[in-house]
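Before any comments, here is the structure.
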Amino acid sequence: MSPSRTMTLAVNGRPRQVAVAANETLLETLRGMGAVEVKSGCEKGDCGACAVLLDGLAVDSCLCLTWTVAQRAVTTVKGLGTAADPHPLQTAFAERGAVQCGYCTPGFIIAAKSLLDNDTDDPGEDEIRYALSGNFCRCTGYNKILDAVTEAAQVLREEAGVQ
Ligand code: FES
Ligand code: FES
């Protein structure tokens, strides 16, 4: 067993002290902290289920060693909105039927948030497909997910006063 050391990890704006082994992945740490909205799938960077935002950019948490992300902001899907005040992506996924079993949903929403925040607020289908190409869904057939991201982008542009 790899020795552990204590570090501060800021998840959804809340710093926490955690004991972390040298070979521990961010996925393992987050789930150990109770952030079970971060899903564990392939654990080798193929499925996107474990995606989180790291300083605002989507990463697969199964590929990050936790000790490398000290001082950086980690955001999970729970950090984007609440049931009472959901993010437009969360609303659009629910309303467009882009959620079936829901296992892939946190990763897709994180990948879409990274696209809309960092690349373009008005993505075409090809841009959305490319941004989500690291995420697998076994249920929806993807079209409803594409629709949801397109709709959320429109809502966000309207909220920002950009048509
Ligand atoms: S669990 Fe991380 S990419 Fe699949
Ligand atoms: S909704 Fe079931 S895997 Fe995507």
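To be explicit about the labels: the chains of the structure tokens are called A, B, and onward in the order shown, and within each one the residues are counted from 1, while ligands get numbers from 1 in the order they are shown.
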task = Identify, on the basis of only C-alpha atoms, every residue whose closest approach to A:Thr8 does not exceed 12 Å; exclude the query and any residue fewer than 4 positions from it along the same chain; express the result as number ranges by chain.
result = A: 13-20, 29, 66-74
Just-selected residues, C-alpha atoms written as a CSV table (one decimal), in the first residue's frame:
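Printed below is out_15.csv as written:
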```
chain,number,residue,atom,x,y,z
A,13,GLY,CA,-15.8,25.5,-3.7
A,14,ARG,CA,-15.4,23.8,-0.4
A,15,PRO,CA,-11.8,23.0,0.7
A,16,ARG,CA,-11.4,19.7,2.6
A,17,GLN,CA,-8.5,18.0,4.2
A,18,VAL,CA,-8.0,14.5,2.8
A,19,ALA,CA,-5.4,11.8,3.3
A,20,VAL,CA,-4.3,10.7,-0.2
A,29,THR,CA,-10.5,10.3,-3.7
A,66,THR,CA,-5.0,13.4,-6.7
A,67,TRP,CA,-1.8,14.9,-5.3
A,68,THR,CA,-1.2,16.7,-8.7
A,69,VAL,CA,-4.4,18.7,-8.3
A,70,ALA,CA,-3.7,20.5,-5.0
A,71,GLN,CA,-4.5,24.2,-5.3
A,72,ARG,CA,-6.8,23.6,-8.2
A,73,ALA,CA,-10.6,23.9,-8.3
A,74,VAL,CA,-12.5,20.7,-8.8
```
inquiry  = Hey, which residues sit close to ligand 1? Say within 12 Å, counting only C-alpha atoms and all ligand atoms, and write them as number ranges by chain.
reply    = A: 25-28, 31, 38-52, 58-64, 103-104, 106-108, 111, 133-137
Dump the neighbourhood of ligand 2 as an mmCIF file with N, CA and C atoms, in the first residue's frame: all residues within 6 Å, distances computed on only C-alpha atoms and all ligand atoms.
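Writing the result to pocket.cif gives the following:
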```
data_model
loop_
_atom_site.group_PDB
_atom_site.id
_atom_site.type_symbol
_atom_site.label_atom_id
_atom_site.label_comp_id
_atom_site.auth_asym_id
_atom_site.auth_seq_id
_atom_site.Cartn_x
_atom_site.Cartn_y
_atom_site.Cartn_z
ATOM 1 N N VAL A 99 -31.621 11.733 -20.405
ATOM 2 C CA VAL A 99 -31.244 10.915 -19.253
ATOM 3 C C VAL A 99 -32.132 9.668 -19.243
ATOM 4 N N GLN A 100 -31.491 8.507 -19.322
ATOM 5 C CA GLN A 100 -32.266 7.270 -19.141
ATOM 6 C C GLN A 100 -31.788 6.607 -17.848
ATOM 7 N N CYS A 101 -30.799 5.723 -17.907
ATOM 8 C CA CYS A 101 -30.318 5.170 -16.629
ATOM 9 C C CYS A 101 -29.589 6.244 -15.818
ATOM 10 N N GLY A 102 -29.009 7.223 -16.511
ATOM 11 C CA GLY A 102 -28.375 8.358 -15.849
ATOM 12 C C GLY A 102 -26.919 8.163 -15.473
ATOM 13 N N TYR A 103 -26.381 6.975 -15.718
ATOM 14 C CA TYR A 103 -25.006 6.735 -15.256
ATOM 15 C C TYR A 103 -24.003 7.630 -15.990
ATOM 16 N N CYS A 104 -24.243 7.860 -17.255
ATOM 17 C CA CYS A 104 -23.313 8.670 -18.044
ATOM 18 C C CYS A 104 -23.537 10.171 -17.884
ATOM 19 N N CYS A 137 -22.539 6.621 -23.950
ATOM 20 C CA CYS A 137 -23.878 6.389 -23.400
ATOM 21 C C CYS A 137 -24.418 5.117 -24.013
ATOM 22 N N ARG A 138 -24.921 4.219 -23.175
ATOM 23 C CA ARG A 138 -25.451 2.946 -23.658
ATOM 24 C C ARG A 138 -26.962 2.969 -23.844
ATOM 25 N N CYS A 139 -27.597 4.101 -23.496
ATOM 26 C CA CYS A 139 -29.064 4.102 -23.471
ATOM 27 C C CYS A 139 -29.719 4.994 -24.509
ATOM 28 N N THR A 140 -29.217 6.210 -24.675
ATOM 29 C CA THR A 140 -30.034 7.230 -25.345
ATOM 30 C C THR A 140 -29.904 7.268 -26.852
#
```
Pick out each residue of stretch 78-127 of chain A that DSSP on the backbone tags as alpha helix (DSSP H); I need them as a compact mmCIF listing (two decimals) with N, CA and C atoms, in the first residue's frame.
```
# COMPACT_ATOMS: atom_id res chain seq x y z
N PRO A 88 -28.84 25.33 -16.73
CA PRO A 88 -29.59 25.07 -17.96
C PRO A 88 -29.24 23.74 -18.63
N LEU A 89 -28.00 23.30 -18.51
CA LEU A 89 -27.67 21.97 -19.07
C LEU A 89 -28.43 20.87 -18.32
N GLN A 90 -28.50 20.99 -17.01
CA GLN A 90 -29.21 19.98 -16.22
C GLN A 90 -30.70 19.98 -16.57
N THR A 91 -31.26 21.17 -16.73
CA THR A 91 -32.67 21.29 -17.11
C THR A 91 -32.91 20.68 -18.48
N ALA A 92 -32.05 21.03 -19.43
CA ALA A 92 -32.25 20.56 -20.80
C ALA A 92 -32.10 19.04 -20.89
N PHE A 93 -31.13 18.47 -20.18
CA PHE A 93 -30.99 17.01 -20.21
C PHE A 93 -32.26 16.35 -19.69
N ALA A 94 -32.82 16.88 -18.62
CA ALA A 94 -34.02 16.27 -18.06
C ALA A 94 -35.21 16.45 -19.00
N GLU A 95 -35.36 17.65 -19.53
CA GLU A 95 -36.55 17.93 -20.34
C GLU A 95 -36.49 17.31 -21.72
N THR A 105 -24.69 10.55 -17.33
CA THR A 105 -25.14 11.94 -17.39
C THR A 105 -24.18 12.93 -16.74
N PRO A 106 -23.66 12.67 -15.55
CA PRO A 106 -22.72 13.66 -14.97
C PRO A 106 -21.54 13.95 -15.89
N GLY A 107 -21.00 12.92 -16.50
CA GLY A 107 -19.85 13.12 -17.38
C GLY A 107 -20.22 13.92 -18.62
N PHE A 108 -21.38 13.63 -19.21
CA PHE A 108 -21.80 14.39 -20.39
C PHE A 108 -22.02 15.87 -20.04
N ILE A 109 -22.65 16.12 -18.90
CA ILE A 109 -22.93 17.51 -18.54
C ILE A 109 -21.63 18.26 -18.27
N ILE A 110 -20.68 17.61 -17.64
CA ILE A 110 -19.38 18.25 -17.41
C ILE A 110 -18.68 18.54 -18.75
N ALA A 111 -18.70 17.59 -19.66
CA ALA A 111 -18.05 17.80 -20.96
C ALA A 111 -18.73 18.94 -21.72
N ALA A 112 -20.06 18.99 -21.65
CA ALA A 112 -20.80 20.05 -22.34
C ALA A 112 -20.51 21.41 -21.71
N LYS A 113 -20.43 21.44 -20.39
CA LYS A 113 -20.12 22.71 -19.70
C LYS A 113 -18.75 23.22 -20.12
N SER A 114 -17.80 22.33 -20.22
CA SER A 114 -16.45 22.72 -20.63
C SER A 114 -16.48 23.28 -22.05
N LEU A 115 -17.24 22.66 -22.93
CA LEU A 115 -17.37 23.16 -24.31
C LEU A 115 -17.95 24.57 -24.32
N LEU A 116 -19.06 24.76 -23.62
CA LEU A 116 -19.77 26.05 -23.69
C LEU A 116 -19.00 27.16 -22.98
N ASP A 117 -18.24 26.81 -21.96
CA ASP A 117 -17.49 27.84 -21.22
C ASP A 117 -16.16 28.20 -21.90
N ASN A 118 -15.56 27.24 -22.58
CA ASN A 118 -14.19 27.44 -23.03
C ASN A 118 -14.02 27.51 -24.54
N GLU A 125 -23.53 21.07 -34.55
CA GLU A 125 -23.61 19.64 -34.20
C GLU A 125 -22.23 18.99 -34.19
N ASP A 126 -21.40 19.33 -35.17
CA ASP A 126 -20.07 18.70 -35.23
C ASP A 126 -19.24 19.06 -34.00
N GLU A 127 -19.34 20.33 -33.56
CA GLU A 127 -18.58 20.74 -32.38
C GLU A 127 -19.06 20.02 -31.12
```
Mind checking DSSP for stretch 32-151 of chain A and telling me the strand (DSSP E or B) residues as a compact mmCIF listing (two decimals) with N, CA and C atoms, in the first residue's frame?
```txt
# COMPACT_ATOMS: atom_id res chain seq x y z
N ALA A 51 -15.87 12.24 -15.50
CA ALA A 51 -15.39 13.59 -15.82
C ALA A 51 -15.76 14.61 -14.75
N VAL A 52 -14.82 15.48 -14.47
CA VAL A 52 -15.03 16.64 -13.58
C VAL A 52 -14.37 17.83 -14.25
N LEU A 53 -14.70 19.02 -13.77
CA LEU A 53 -13.99 20.21 -14.23
C LEU A 53 -12.81 20.46 -13.32
N LEU A 54 -11.66 20.68 -13.93
CA LEU A 54 -10.46 21.03 -13.19
C LEU A 54 -10.06 22.43 -13.66
N LEU A 57 -11.95 23.14 -16.88
CA LEU A 57 -11.81 22.29 -18.06
C LEU A 57 -12.12 20.85 -17.71
N ALA A 58 -12.83 20.16 -18.60
CA ALA A 58 -13.21 18.77 -18.33
C ALA A 58 -11.98 17.86 -18.40
N VAL A 59 -11.86 17.00 -17.38
CA VAL A 59 -10.82 15.97 -17.37
C VAL A 59 -11.45 14.68 -16.87
N ASP A 60 -10.85 13.57 -17.25
CA ASP A 60 -11.26 12.27 -16.70
C ASP A 60 -10.56 12.09 -15.35
N LEU A 65 -3.84 11.78 -10.88
CA LEU A 65 -3.43 11.46 -9.51
C LEU A 65 -3.81 12.64 -8.62
N ALA A 73 -9.15 24.01 -8.62
CA ALA A 73 -10.59 23.92 -8.32
C ALA A 73 -11.20 22.72 -9.03
N VAL A 74 -11.79 21.83 -8.23
CA VAL A 74 -12.47 20.65 -8.77
C VAL A 74 -13.98 20.90 -8.69
N THR A 75 -14.65 20.72 -9.81
CA THR A 75 -16.11 20.90 -9.83
C THR A 75 -16.76 19.64 -10.38
```
